[in-house]
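Asker: Sending over coords.cif (mmCIF, C-alpha atoms).
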```cif
data_final
loop_
_atom_site.label_atom_id
_atom_site.label_comp_id
_atom_site.auth_asym_id
_atom_site.auth_seq_id
_atom_site.Cartn_x
_atom_site.Cartn_y
_atom_site.Cartn_z
CA MET I 18 38.52 50.58 23.20
CA ASN I 19 37.60 50.42 19.52
CA ARG I 20 36.87 54.09 19.06
CA GLU I 21 35.67 53.67 15.47
CA GLN I 22 32.67 51.80 16.88
CA TYR I 23 32.13 54.23 19.72
CA LYS I 24 28.60 54.58 21.08
CA PRO I 25 27.21 57.44 23.19
CA THR I 26 27.82 57.14 26.91
CA GLU I 27 24.95 55.55 28.80
CA LEU I 28 23.60 57.49 31.76
CA ILE I 29 23.96 56.19 35.28
CA GLU I 30 20.83 54.71 36.83
CA PHE I 31 20.50 56.29 40.26
CA SER I 32 17.69 53.98 41.34
CA ASP I 33 20.42 51.36 41.79
CA GLU I 34 21.59 51.19 45.40
CA ASN I 35 25.20 50.58 44.39
CA ASN I 36 25.22 53.71 42.24
CA ILE I 37 23.64 55.72 45.04
CA GLU I 38 26.40 54.61 47.41
CA SER I 39 29.12 55.36 44.84
CA MET I 40 27.75 58.83 44.19
CA GLN I 41 27.49 59.59 47.90
CA ASN I 42 31.11 58.53 48.32
CA ALA I 43 32.09 60.83 45.45
CA LEU I 44 30.24 63.71 47.09
CA ASP I 45 32.10 63.03 50.33
CA ARG I 46 35.46 63.05 48.53
CA VAL I 47 34.73 66.32 46.75
CA LYS I 48 33.44 67.89 49.96
CA GLY I 49 36.88 67.32 51.44
CA LYS I 50 38.39 69.36 48.59
CA LEU I 51 36.12 72.41 48.96
CA GLY I 52 37.44 75.77 50.06
CA GLN I 53 40.79 75.69 48.26
CA THR I 54 42.37 78.71 46.57
CA TYR I 55 42.97 78.27 42.84
CA SER I 56 45.53 80.00 40.65
CA LEU I 57 45.36 81.14 37.06
CA LYS I 58 47.09 78.87 34.54
CA ILE I 59 49.03 80.84 31.92
CA GLY I 60 51.62 79.21 29.71
CA GLY I 61 51.72 76.20 31.99
CA GLN I 62 52.54 78.36 35.03
CA GLU I 63 50.34 79.12 38.05
CA MET I 64 49.73 82.80 38.74
CA THR I 65 47.89 84.79 41.39
CA THR I 66 46.47 88.31 41.44
CA ASP I 67 45.96 90.95 44.10
CA ASP I 68 42.25 90.22 44.35
CA THR I 69 40.10 87.09 44.49
CA PHE I 70 36.44 86.12 44.39
CA THR I 71 34.58 83.20 45.95
CA SER I 72 32.38 80.50 44.43
CA PHE I 73 29.57 79.35 46.74
CA ASN I 74 27.23 76.38 46.79
CA PRO I 75 23.92 77.89 45.52
CA GLY I 76 22.00 75.42 47.69
CA ASN I 77 24.00 76.34 50.79
CA ILE I 78 25.50 79.80 50.50
CA ASP I 79 27.57 79.26 53.64
CA GLU I 80 29.52 76.52 51.87
CA VAL I 81 32.54 77.79 49.95
CA ILE I 82 33.45 75.88 46.79
CA GLY I 83 36.72 77.75 46.30
CA HIS I 84 38.53 81.05 46.01
CA PHE I 85 39.60 82.22 42.55
CA GLN I 86 41.80 84.91 41.06
CA LYS I 87 40.35 88.07 39.53
CA ALA I 88 42.26 88.38 36.28
CA GLY I 89 42.53 91.83 34.70
CA GLU I 90 43.84 93.26 31.45
CA ARG I 91 47.45 92.42 32.34
CA GLU I 92 46.68 88.73 32.89
CA ALA I 93 44.46 88.64 29.80
CA ASP I 94 47.29 89.98 27.69
CA MET I 95 49.73 87.47 29.19
CA ALA I 96 47.34 84.60 28.49
CA ILE I 97 46.87 85.57 24.83
CA GLU I 98 50.62 85.96 24.38
CA ALA I 99 51.24 82.56 25.99
CA ALA I 100 48.65 80.94 23.75
CA SER I 101 50.12 82.67 20.71
CA GLU I 102 53.58 81.35 21.54
CA ALA I 103 52.26 77.82 22.15
CA PHE I 104 50.43 77.91 18.81
CA LYS I 105 53.76 77.95 16.96
CA SER I 106 54.47 74.39 18.04
CA TRP I 107 50.99 72.98 18.78
CA SER I 108 49.73 73.79 15.28
CA ARG I 109 52.50 71.52 13.94
CA VAL I 110 51.74 68.59 16.23
CA SER I 111 50.21 65.69 14.30
CA VAL I 112 46.45 65.36 14.37
CA GLU I 113 46.93 61.83 15.71
CA GLU I 114 48.74 63.15 18.79
CA ARG I 115 46.16 65.89 19.33
CA ALA I 116 43.27 63.44 19.05
CA ASP I 117 45.03 60.99 21.36
CA CYS I 118 45.17 63.71 24.01
CA LEU I 119 41.37 64.01 23.85
CA PHE I 120 40.93 60.25 23.98
CA LYS I 121 43.17 59.99 27.06
CA ALA I 122 41.19 62.79 28.72
CA SER I 123 37.88 61.04 28.02
CA ASP I 124 39.26 57.84 29.59
CA ILE I 125 40.23 59.80 32.72
CA MET I 126 36.75 61.32 32.85
CA ARG I 127 35.17 57.86 32.76
CA GLU I 128 37.27 56.83 35.74
CA ARG I 129 36.28 59.96 37.72
CA ARG I 130 32.78 60.29 36.37
CA MET I 131 30.93 60.52 39.66
CA GLU I 132 33.49 62.83 41.21
CA LEU I 133 33.17 65.23 38.27
CA ALA I 134 29.40 65.11 38.64
CA ALA I 135 29.77 65.83 42.35
CA TRP I 136 31.60 69.08 41.60
CA MET I 137 28.57 70.28 39.65
CA VAL I 138 26.15 69.19 42.34
CA TYR I 139 28.01 71.43 44.78
CA GLU I 140 28.93 74.34 42.52
CA VAL I 141 25.86 74.89 40.31
CA GLY I 142 23.19 72.92 42.16
CA LYS I 143 22.61 70.22 39.57
CA SER I 144 20.70 67.08 40.44
CA TRP I 145 22.68 63.86 40.36
CA ALA I 146 21.15 62.81 37.04
CA GLU I 147 21.71 66.20 35.39
CA ALA I 148 25.30 66.35 36.61
CA ASP I 149 25.99 62.85 35.33
CA GLY I 150 24.43 63.77 31.99
CA ASP I 151 26.79 66.74 31.80
CA VAL I 152 29.81 64.47 32.28
CA ALA I 153 28.49 61.88 29.82
CA GLU I 154 28.02 64.57 27.19
CA THR I 155 31.57 65.79 27.81
CA ILE I 156 32.99 62.31 27.26
CA ASP I 157 31.02 62.04 24.01
CA PHE I 158 32.26 65.46 22.87
CA LEU I 159 35.89 64.46 23.31
CA GLU I 160 35.40 61.17 21.50
CA PHE I 161 33.47 62.82 18.67
CA TYR I 162 35.83 65.73 18.15
CA GLY I 163 38.84 63.44 18.24
CA GLN I 164 37.34 61.17 15.59
CA GLU I 165 36.22 64.10 13.44
CA ALA I 166 39.66 65.70 13.58
CA LEU I 167 41.13 62.46 12.26
CA ARG I 168 38.46 62.19 9.56
CA TYR I 169 38.96 65.75 8.31
CA SER I 170 42.75 65.71 8.46
CA GLY I 171 45.01 65.76 5.43
CA ARG I 172 44.56 67.03 1.92
CA LYS I 173 41.35 66.19 0.06
CA GLU I 174 41.16 66.39 -3.72
CA VAL I 175 38.24 68.60 -4.73
CA VAL I 176 38.23 68.66 -8.56
CA SER I 177 40.58 67.41 -11.21
CA PHE I 178 41.99 69.55 -14.02
CA SER I 179 44.62 68.65 -16.55
CA GLY I 180 47.97 69.91 -15.31
CA GLU I 181 46.56 70.97 -11.92
CA SER I 182 46.12 69.23 -8.59
CA PRO I 183 43.61 71.27 -6.54
CA TYR I 184 43.01 70.18 -2.97
CA MET I 185 41.32 71.32 0.22
CA GLU I 186 43.01 71.18 3.61
CA TYR I 187 41.81 72.42 6.99
CA ILE I 188 44.45 74.36 8.92
CA PRO I 189 44.48 75.79 12.48
CA LEU I 190 43.48 79.43 12.93
CA GLY I 191 45.46 80.53 15.97
CA VAL I 192 44.44 81.74 19.42
CA GLY I 193 40.82 81.31 20.46
CA VAL I 194 38.93 82.79 23.41
CA ILE I 195 36.46 80.37 25.00
CA ILE I 196 33.66 81.90 27.10
CA PRO I 197 31.23 79.20 28.33
CA PRO I 198 28.08 79.46 30.48
CA TRP I 199 27.39 78.27 34.01
CA ASN I 200 24.47 75.94 33.26
CA PHE I 201 26.48 73.26 31.44
CA PRO I 202 29.78 74.03 33.12
CA PHE I 203 31.59 70.87 32.09
CA ALA I 204 30.05 69.80 28.78
CA ILE I 205 29.89 73.13 26.95
CA THR I 206 33.15 74.32 28.47
CA SER I 207 34.94 71.14 27.43
CA GLY I 208 33.25 70.92 24.06
CA MET I 209 34.16 74.43 22.94
CA ALA I 210 37.71 74.22 24.27
CA THR I 211 38.65 70.75 23.04
CA ALA I 212 37.13 71.19 19.58
CA ALA I 213 39.47 74.13 19.10
CA ILE I 214 42.46 72.35 20.64
CA VAL I 215 42.19 69.15 18.59
CA SER I 216 42.02 71.31 15.47
CA GLY I 217 45.49 72.66 16.26
CA ASN I 218 44.46 75.92 17.90
CA THR I 219 45.40 77.21 21.35
CA VAL I 220 42.87 78.76 23.70
CA VAL I 221 42.29 81.07 26.62
CA LEU I 222 39.41 79.70 28.72
CA LYS I 223 37.46 82.32 30.67
CA PRO I 224 34.86 80.23 32.55
CA SER I 225 31.70 81.52 34.16
CA SER I 226 32.37 83.03 37.58
CA ASP I 227 29.55 80.80 38.83
CA ALA I 228 31.41 77.62 37.87
CA PRO I 229 35.19 78.15 37.93
CA ALA I 230 35.94 75.02 39.98
CA THR I 231 34.20 72.78 37.48
CA ALA I 232 36.18 74.32 34.63
CA TYR I 233 39.37 73.78 36.61
CA GLN I 234 38.70 70.03 36.56
CA LEU I 235 38.89 70.13 32.76
CA VAL I 236 42.19 72.01 32.83
CA SER I 237 43.70 69.50 35.27
CA ILE I 238 42.53 66.49 33.28
CA MET I 239 43.85 67.87 30.00
CA GLU I 240 47.23 68.47 31.62
CA GLU I 241 47.20 64.90 32.95
CA ALA I 242 46.35 63.66 29.45
CA GLY I 243 49.54 65.24 28.13
CA LEU I 244 48.38 68.56 26.72
CA HIS I 245 51.33 70.86 26.02
CA PRO I 246 51.82 73.94 28.27
CA GLY I 247 50.19 77.10 26.96
CA VAL I 248 47.65 75.30 24.78
CA LEU I 249 44.87 75.65 27.36
CA ASN I 250 45.15 78.76 29.53
CA TYR I 251 42.79 79.22 32.49
CA LEU I 252 41.70 82.77 33.31
CA THR I 253 39.07 83.46 35.97
CA GLY I 254 37.33 86.66 37.01
CA PRO I 255 34.52 89.01 35.99
CA GLY I 256 34.13 89.49 32.26
CA ALA I 257 34.28 93.26 32.63
CA LEU I 258 37.88 93.05 33.86
CA ALA I 259 39.48 90.64 31.40
CA GLY I 260 36.78 89.73 28.91
CA GLU I 261 36.92 92.84 26.75
CA LYS I 262 40.72 92.68 26.57
CA LEU I 263 40.52 89.09 25.38
CA VAL I 264 37.94 89.92 22.72
CA ARG I 265 39.73 93.01 21.42
CA HIS I 266 43.27 91.63 21.52
CA PRO I 267 44.92 91.79 18.07
CA LYS I 268 46.19 88.21 18.35
CA THR I 269 42.76 86.75 19.10
CA ARG I 270 41.68 84.83 15.99
CA PHE I 271 38.31 83.51 17.07
CA ILE I 272 35.84 83.65 19.95
CA SER I 273 33.47 80.87 21.03
CA PHE I 274 30.74 82.14 23.33
CA THR I 275 27.64 80.71 24.96
CA GLY I 276 25.47 83.04 27.02
CA SER I 277 23.00 85.89 26.86
CA MET I 278 22.10 87.77 23.71
CA GLU I 279 23.12 91.07 25.32
CA VAL I 280 26.65 89.90 26.06
CA GLY I 281 26.94 88.00 22.79
CA LEU I 282 26.01 91.03 20.72
CA GLY I 283 28.52 93.10 22.67
CA ILE I 284 31.23 90.56 21.89
CA ASN I 285 30.24 90.56 18.23
CA LYS I 286 30.45 94.35 18.06
CA ALA I 287 33.79 94.58 19.88
CA ALA I 288 35.38 91.81 17.82
CA ALA I 289 34.28 93.41 14.55
CA GLU I 290 36.42 96.50 15.18
CA MET I 291 39.97 96.22 13.85
CA VAL I 292 42.69 97.24 16.31
CA ASP I 293 46.35 98.13 15.90
CA GLY I 294 48.44 95.07 15.15
CA GLN I 295 45.48 92.95 14.02
CA VAL I 296 45.97 91.05 10.75
CA TRP I 297 42.96 88.76 10.42
CA ILE I 298 39.23 89.34 10.77
CA LYS I 299 38.10 87.59 13.96
CA ARG I 300 35.63 84.75 13.70
CA ILE I 301 32.82 84.41 16.21
CA VAL I 302 30.67 81.45 17.17
CA ALA I 303 27.95 82.75 19.50
CA GLU I 304 25.23 80.58 20.99
CA MET I 305 22.91 83.11 22.58
CA GLY I 306 19.66 82.96 24.51
CA GLY I 307 16.48 82.47 22.54
CA LYS I 308 12.94 81.18 22.75
CA ASP I 309 11.83 77.61 21.99
CA ALA I 310 8.34 77.42 20.52
CA ILE I 311 6.10 74.56 21.66
CA ILE I 312 2.90 73.77 19.77
CA VAL I 313 0.06 72.19 21.75
CA ASP I 314 -2.85 71.09 19.53
CA SER I 315 -6.40 70.00 20.35
CA GLU I 316 -5.49 66.30 20.58
CA THR I 317 -2.86 66.84 23.27
CA ASN I 318 -3.21 65.77 26.89
CA LEU I 319 -3.06 69.24 28.45
CA GLU I 320 -1.81 68.05 31.83
CA GLU I 321 1.08 66.13 30.25
CA ALA I 322 1.83 69.07 27.95
CA ALA I 323 1.94 71.49 30.89
CA ILE I 324 4.37 69.21 32.75
CA GLY I 325 6.54 68.95 29.65
CA VAL I 326 6.61 72.70 29.09
CA VAL I 327 7.50 73.45 32.70
#
```
Translate the structure described by the file into structure tokens.
Answerer:
Amino acid sequence: MNREQYKPTELIEFSDENNIESMQNALDRVKGKLGQTYSLKIGGQEMTTDDTFTSFNPGNIDEVIGHFQKAGEREADMAIEAASEAFKSWSRVSVEERADCLFKASDIMRERRMELAAWMVYEVGKSWAEADGDVAETIDFLEFYGQEALRYSGRKEVVSFSGESPYMEYIPLGVGVIIPPWNFPFAITSGMATAAIVSGNTVVLKPSSDAPATAYQLVSIMEEAGLHPGVLNYLTGPGALAGEKLVRHPKTRFISFTGSMEVGLGINKAAAEMVDGQVWIKRIVAEMGGKDAIIVDSETNLEEAAIGVV
């Protein structure tokens, strides 16, 4: 693939009988994988806890998607420490190798596109088209972030002075905490995590407890694509148990969050307080809930406008 001429991924047309059959086959394959117990992934090692929680199909609450570990402060601390240790080497890996990892992952996602969509159909109740759009967006994220990392890499001359050689260079920050939402469980999860990873950072991913199985697919694919152990750590469980520890940890350098304003403001407040052992001010990227204004004027077809708003 000529990635320099990359174009956005086209959506699957589900009015096509062949695509319908392929998607149904993917759903059947994923159905056979439901009900498994998943471990945490910390420093490349699988770990379990004393307590678990269950992810259910919201359209059929008797159908178990999987059983997941309830991580607490101990596991949160271990995950940050593992990410911090991995940062020492990952931050020195060439940008070409980091970008290649994303490109390999996007190729794997293309091959398993319908199966990845099927996970979201079961776990968060997405329609086929919405689930496919989620996967397509993820593929585009990985391609885009990989290309941008290459474009921004290296030293760039900013101004020229006699006897001086000023330049600008982007460098990795350190350990990031990634807290994605349930409603785009593959695209936003993957986008936030891989943007940080390709930039030379290491991350602790704390997915929504409503979509932990979908997030696990990302972790597995990144491992298959050659991501180094400890670069992407997978920590499941209620935010109240591990979330605050992750946010307040002195080695946490940045937090990427998508969710409610209430939780986002709480993260912002907690991260702003310096703690013992902390050197840097934490950076926060918070995409929080808001309101989208829609203007309907006198020339609008009201019935069409109402359908669009709903």
Asker: Could you give me, as a ChimeraX atom specification, the residues that have an atom at most 9 Å away from the point (44.9, 95.1, 40.8) in the coordinates of the file, using all atoms listed in the file?
Answerer: /I:66-68,87-89
Asker: Name the residues captured by the PyMOL selection byres ((chain I and resi 104) around 9) when it is applied to the shown file; answer as a ChimeraX atom specification.
Answerer: /I:99-103,105-109,189,191-192,217-219,247-248
Asker: Give me a file of those residues, with C-alpha atoms, as an mmCIF file, in the coordinates of the input.
Answerer:
```cif
data_model
loop_
_atom_site.group_PDB
_atom_site.id
_atom_site.type_symbol
_atom_site.label_atom_id
_atom_site.label_comp_id
_atom_site.auth_asym_id
_atom_site.auth_seq_id
_atom_site.Cartn_x
_atom_site.Cartn_y
_atom_site.Cartn_z
ATOM 1 C CA ALA I 99 51.240 82.560 25.990
ATOM 2 C CA ALA I 100 48.650 80.940 23.750
ATOM 3 C CA SER I 101 50.120 82.670 20.710
ATOM 4 C CA GLU I 102 53.580 81.350 21.540
ATOM 5 C CA ALA I 103 52.260 77.820 22.150
ATOM 6 C CA LYS I 105 53.760 77.950 16.960
ATOM 7 C CA SER I 106 54.470 74.390 18.040
ATOM 8 C CA TRP I 107 50.990 72.980 18.780
ATOM 9 C CA SER I 108 49.730 73.790 15.280
ATOM 10 C CA ARG I 109 52.500 71.520 13.940
ATOM 11 C CA PRO I 189 44.480 75.790 12.480
ATOM 12 C CA GLY I 191 45.460 80.530 15.970
ATOM 13 C CA VAL I 192 44.440 81.740 19.420
ATOM 14 C CA GLY I 217 45.490 72.660 16.260
ATOM 15 C CA ASN I 218 44.460 75.920 17.900
ATOM 16 C CA THR I 219 45.400 77.210 21.350
ATOM 17 C CA GLY I 247 50.190 77.100 26.960
ATOM 18 C CA VAL I 248 47.650 75.300 24.780
#
```
Asker: Ranking I:Tyr169, I:Phe274, I:Tyr233, I:Tyr23 by minimum distance to Ile195 (chain I) and counting only C-alpha atoms, which one comes first?
Answerer: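 Nearest candidate to Ile195 (chain I) out of I:Tyr169, I:Phe274, I:Tyr233, I:Tyr23: I:Phe274.
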Asker: Need the shell around Ser207 (chain I): protein/DNA/RNA residues with any atom at most 12 Å away, counting only C-alpha atoms. Skip same-chain ones fewer than 3 positions apart. Format as a ChimeraX atom specification?
Answerer: /I:119,122-123,126,151-160,162,195-198,201-204,210-215,220,222-224,231-239,249,273
Asker: If I take CA of Met278 (chain I) and CA of Met291 (chain I), how far is one from the other in Å, to one decimal?
Answerer: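 Distance between the two atoms: 22.1 Å.
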Asker: Please measure the separation of CA of Met305 (chain I) and CA of Ala287 (chain I), giving the value in Å to one decimal.
Answerer: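 Computing the Euclidean distance for CA of Met305 (chain I) and CA of Ala287 (chain I) yields 16.0 Å.
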Asker: Tell me which protein, DNA and RNA residues are within 7 Å of Asp149 (chain I), counting only C-alpha atoms, leaving out same-chain ones fewer than 3 positions away, and put them as a VMD selection string.
Answerer: chain I and resid 28 to 29 131 134 145 to 146 152 to 153
Asker: Output C-alpha atoms of each residue in that selection to a file, as a compact mmCIF listing (two decimals), keeping the file's coordinate frame.
Answerer:
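Output contents, as saved in out03.txt:
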```
# COMPACT_ATOMS: atom_id res chain seq x y z
CA LEU I 28 23.60 57.49 31.76
CA ILE I 29 23.96 56.19 35.28
CA MET I 131 30.93 60.52 39.66
CA ALA I 134 29.40 65.11 38.64
CA TRP I 145 22.68 63.86 40.36
CA ALA I 146 21.15 62.81 37.04
CA VAL I 152 29.81 64.47 32.28
CA ALA I 153 28.49 61.88 29.82
```
Asker: Which is closest to Asn74 (chain I) among I:Gly171, I:Gly142, I:Gly163, I:Gly52, if we use all atoms listed in the file?
Answerer: I:Gly142
Asker: My list of candidates is I:Gly306, I:Ala166, I:Ala242, I:Asp227. Which is closest to Ser111 (chain I) when distances are computed with all atoms listed in the file?
Answerer: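 Answer, going by the shortest atom-to-atom distance: I:Ala166.
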Asker: Which residue is closest to Ser225 (chain I)? Choose from I:Glu140, I:Asp33, I:Glu92, I:Asp45 and count all atoms listed in the file.
Answerer: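 Checking each candidate against Ser225 (chain I), we get I:Glu140 as the closest.
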Asker: Taking into account all atoms listed in the file, which residue in the set I:Lys24, I:Ala230, I:Ser170, I:Met185 is nearest to Val81 (chain I)?
Answerer: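 Checking each candidate against Val81 (chain I), we get I:Ala230 as the closest.
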Asker: What does the distance from CA of Cys118 (chain I) to CA of Ala303 (chain I) come to in Å, to one decimal?
Answerer: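 For CA of Cys118 (chain I) relative to CA of Ala303 (chain I), the distance reads 26.1 Å.
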Asker: When you look at Thr269 (chain I) with a cut-off of 10 Å (counting only C-alpha atoms), what residues show up, excluding the ones that are within fewer than 2 positions of it in the same chain? I need them as a PyMOL selection string.
Answerer: chain I and resi 97-98+100-101+190-194+220-221+262-267+271-272+288+295-300
Asker: Got a sec to resolve the PyMOL selection byres ((chain I and resi 326) around 12) on this structure and send the residues as a list in words?
Answerer: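 Here the PyMOL selection byres ((chain I and resi 326) around 12) matches Asp309, Ala310, Ile311, Ile312, Val313, Leu319, Glu320, Glu321, Ala322, Ala323, Ile324, Gly325 and Val327 of chain I.
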Asker: Around region 258-276 of chain I, with edges along x, y and z and 3 Å added on all six sides, what centre and edge lengths do you get, in Å to one decimal, as lines of an AutoDock Vina configuration file?
Answerer:
```
center_x = 35.8
center_y = 86.9
center_z = 24.9
size_x = 26.7
size_y = 18.3
size_z = 23.9
```
Asker: Show me, as a PyMOL selection string, the residues that have an atom within 8 Å of Phe70 (chain I) when counting only C-alpha atoms, minus same-chain residues fewer than 6 positions from it.
Answerer: chain I and resi 84-87+254
Asker: Pick out the closest residue to Thr71 (chain I) from this set: I:Gln53, I:Val292, I:Lys121, I:Thr206. Count all atoms listed in the file.
Answerer: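 Using all atoms listed in the file, the shortest distance to Thr71 (chain I) belongs to I:Gln53.
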